[in-house]
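Just below is one structure, and these are the notes that go with it.
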There are 2 protein chains.
Amino acid sequence: MTDVTISDRLKNVPSSPIRNLVPLAQRAKKSGVKVYHLNIGDPDIQTPCVMLDVLKNWKKNPIAYGQSQGEPVFLEALVSYYHKIGFPFITYPHIQVTSGGSEAISMAMFAVAQPGEEIVTFEPLYANYNSYAAINSVQLIPVTTAIQTGFHLSRVSEIERHITNKTRAILYCNPNNPTGTVYTKEEIDMLVALAKKYHLFLLADEVYREFIYDGLTHVSLLSYMENIPDKAIVLDSMSKRYSLCGARLGALVSLNAEVMAGALRIAQGRLSAGLIDQHVASKLTEVPDSYVKEVQTEYSARRDVLYEGLKRIPGIVIPKPEGAFYAIVGLPVDDAEKFCKWLLTDFRDNNETVMLAPASGFYATFRPGQNEVRIAYVLNTAALKRCIDILAKALRQYPGKTG
Amino acid sequence: MTDVTISDRLKNVPSSPIRNLVPLAQRAKKSGVKVYHLNIGDPDIQTPCVMLDVLKNWKKNPIAYGQSQGEPVFLEALVSYYHKIGFPFITYPHIQVTSGGSEAISMAMFAVAQPGEEIVTFEPLYANYNSYAAINSVQLIPVTTAIQTGFHLSRVSEIERHITNKTRAILYCNPNNPTGTVYTKEEIDMLVALAKKYHLFLLADEVYREFIYDGLTHVSLLSYMENIPDKAIVLDSMSKRYSLCGARLGALVSLNAEVMAGALRIAQGRLSAGLIDQHVASKLTEVPDSYVKEVQTEYSARRDVLYEGLKRIPGIVIPKPEGAFYAIVGLPVDDAEKFCKWLLTDFRDNNETVMLAPASGFYATFRPGQNEVRIAYVLNTAALKRCIDILAKALRQYPGKTG
């Protein structure tokens with residue numbers, strides 16, 4: 001018997017819904033089953049050569065601490081990037097380099113709210129928002145969006161209903177993980193108006209900024225930043241844009257000097273982001289435009305295969321994903337989590353199966369027996385076709401099928 | 001005028017005392033002055049070749065997320081390391097890889113204490129403990145140790161005086177940054193007894209484990225771990241041991257399964273530590289023993305130069321540093337912070353000066369006008385000799401000299 005107890009707050013940190021079923025997947029693999037991973041957004045796209053060349057030509061020795069705000073060479077590259085995408089007012093003092101987008105989001109929550117204060121957001125949401133909220137003792141107040149409306153934002157009155165005197169910010173993800181929704185200009189206008197009306201920070205997680213299809217335009221919070229300089233905080237990441245998930249690099253961007261000074265103080269405490277990673281990523285200015293274009297074309301094709309394939313399966317509800325590389329899909333099953341487990345433990349088609357993420361973990365409100373899953377279409381089109389085939393067969397055989 | 005305000009807790013995160021004077025140093029450098037940096041523990045020792053070769057031979061593409069607990073290859077290397085230094089009971093489930101020792105310390109504070117609860121520690125302390133405490137809303141309760149006793153631990157009654165019903169843990173750093181003190185077996189025995197008596201976690205920051213001189217033995221908390229399996233948490237880092245400060249890799253080590261499960265949940269939220277860094281550091285098993293020996297010899301020589309040189313300067317008080325690569329030094333000045341600034345703004349010897357860290361930032365209690373500085377002896381012996389010379393001259397000229 002132990003006579004020391006861990007803190008309640010540690011008990012309250014949720015485990016990752018996309019990693020919870022990993023032991024079942026591992027067991028299946030050990031028994032020789034091929035498992036297609038649609039559960040995690042780890043892209044298979046190659047990292048740009050010009051970045052990997054940095055490793056081959058590495059000269060710095062020792063591997064010393066970088067600057068706490070970010071390595072000058074990487075900060076410069078980020079400044080060029082923001083200028084290039086149309087925001088010439090972003091300069092050095094407006095950028096704090098972070099260890100992944102994760103640190104940027106967590107830092108922002110810490111910066112805008114005291115323990116117990118509230119941040120309004122939209123669910124289904126990026127599951128790790130729940131972790132960062134738990135770690136920062138912040139209350140996420142989710143406005144639920146619906147599959148029927150493609151998870152676009154609720155009416156303004158519905159959002160206002162969630163704003164209290166404890167609300168300090170609105171946090172949204174655009175393009176959205178996990179729904180694939182890309183918000184319209186009208187939707188962002190509405191959020192900006194709410195931030196003004198209620199004196200709230202507006203936190204925009206835009207790590208999928210370039211992942212947008214069908215000729216849609218991404219309406220970045222950056223384009224409102226000079227209008228609401230104190231309120232806007234943009235959270236960014238190199239992970240998806242350049243297939244650098246393992247490089248753990250992101251950024252917190254704001255014109256609010258107090259926020260930036262505070263972010264730097266937090267950053268000083270953890271000394272610096274990775275030196276090697278920053279030098280690798282600083283080559284982003286040399287990544288040809290064709291790289292991003294090809295990535296868009298590839299994901300657009302994958303999205304088409306997934307969408308066209310799934311919507312033909314009886315009982316499946318899938319809004320057409322507009323961006324990022326995720327879809328929340330409604331399945332004709334009693335309980336999506338049970339179904340996802342069953343896929344890994346019981347179902348085999350030609351000794352193959354698929355791994356999906358039950359969507360319950362992407363809600364901040366408790367949803368028992370929910371029938372939605374998140375699918376990350378990070379496999380090539382041939383593999384995706386095979387996955388759709390497996391899923392169709394599985395749904396025909398699943399004992400808990402509904403409808 | 002802004003109508004949104006940052007959180008009070010962001011305002012309370014302290015800035016880094018070793019980086020606060022950086023603008024003054026930059027100004028001096030711009031005017032052509034050479035500044036010797038004794039303010040920051042960024043070692044000049046080369047990173048082992050076998051580690052850097054990983055970069056040259058890098059093949060993995062894309063740079064994907066690693067495992068949240070740590071990359072298997074790096075976890076394996078860490079297991080071998082702990083076995084090699086005499087702790088064969090440490091295996092996979094006892095290690096959480098972290099983004100630097102910083103994340104390990106912050107995670108541990110979060111794990112053991114609720115907001116407002118207390119962690120007893122010893123000052124002078126590693127300044128960033130104040131940051132992690134602020135970020136985690138934990139109260140650090142410092143027991144002050146004295147320069148006269150070489151900053152060794154106070155008597156048990158003095159420590160007990162600081163333990164309340166809100167105390168959840170005792171945190172200590174051994175070998176100590178910033179004092180260079182290496183605790184004796186009797187001192188660690190006392191801390192272990194206190195943890196048992198008061199049902200407290202014992203958090204040992206041992207990132208300087210190998211930096212120990214004069215044939216002293218390092219008494220690791222690892223050697224007590226099987227005795228107090230639920231209470232002991234060891235915080236580790238690759239930064240100093242292999243000159244990998246910029247690789248941002250550390251570890252939280254414990255036999256307490258609840259702590260480890262919680263640490264993993266936090267780790268899942270931030271996805272993974274750096275992939276490239278982990279593969280680089282995983283070569284630690286191939287670093288020859290001679291590497292660590294040479295590093296010890298080098299720092300021991302530097303310590304000797306610093307100690308012998310400084311103790312000859314009238315009015316300076318310096319306990320002989322036993323480990324790490326720091327010393328807290330008492331100066332015959334009115335206010336060490338003013339003196340450190342004056343060195344950067346006013347004093348020049350042959351157009352050179354030194355940068356020191358005022359020790360006030362290494363206390364958790366407020367100490368106005370304190371006369372101590374921290375010196376990191378991370379320069380070669382020739383440079384150190386020159387620094388001592390500069391310091392001696394500066395003290396002769398300084399208008400705020402005392403005694």
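Following the order of the structure tokens, first chain is A, next is B, and so on, with residues numbered from 1 inside each chain and ligands from 1 in the order they appear.
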For this session: May I have all residues of segment 152-393 of chain B that DSSP, computed from the backbone, assigns to alpha helix (DSSP H), given as a VMD selection string?
Result: chain B and resid 156 to 160 185 to 198 257 to 269 275 to 281 289 to 311 336 to 345 381 to 393
Exercise. Which residues come within 6 Å of segment 273-281 of chain A, counting only C-alpha atoms, excluding same-chain residues fewer than 4 positions away, as an NGL selection string?
Worked result: (:A and (51 or 54 or 66 or 74 or 99 or 247)) or (:B and (246-248))
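When only C-alpha atoms are used to measure the gap to Lys59 of chain B, the shortest distance among A:Asp334, A:Pro321, A:Thr47, A:Thr402 belongs to A:Thr47.
Taking only C-alpha atoms into account, chain B lies nearest to A:Ser243 out of the set A:Ser243, A:Thr285, A:Asn371, A:Gln139.
The two atoms in question, atom CA of Phe339 of chain B and atom CA of Tyr398 of chain B, are spaced 7.6 Å apart.
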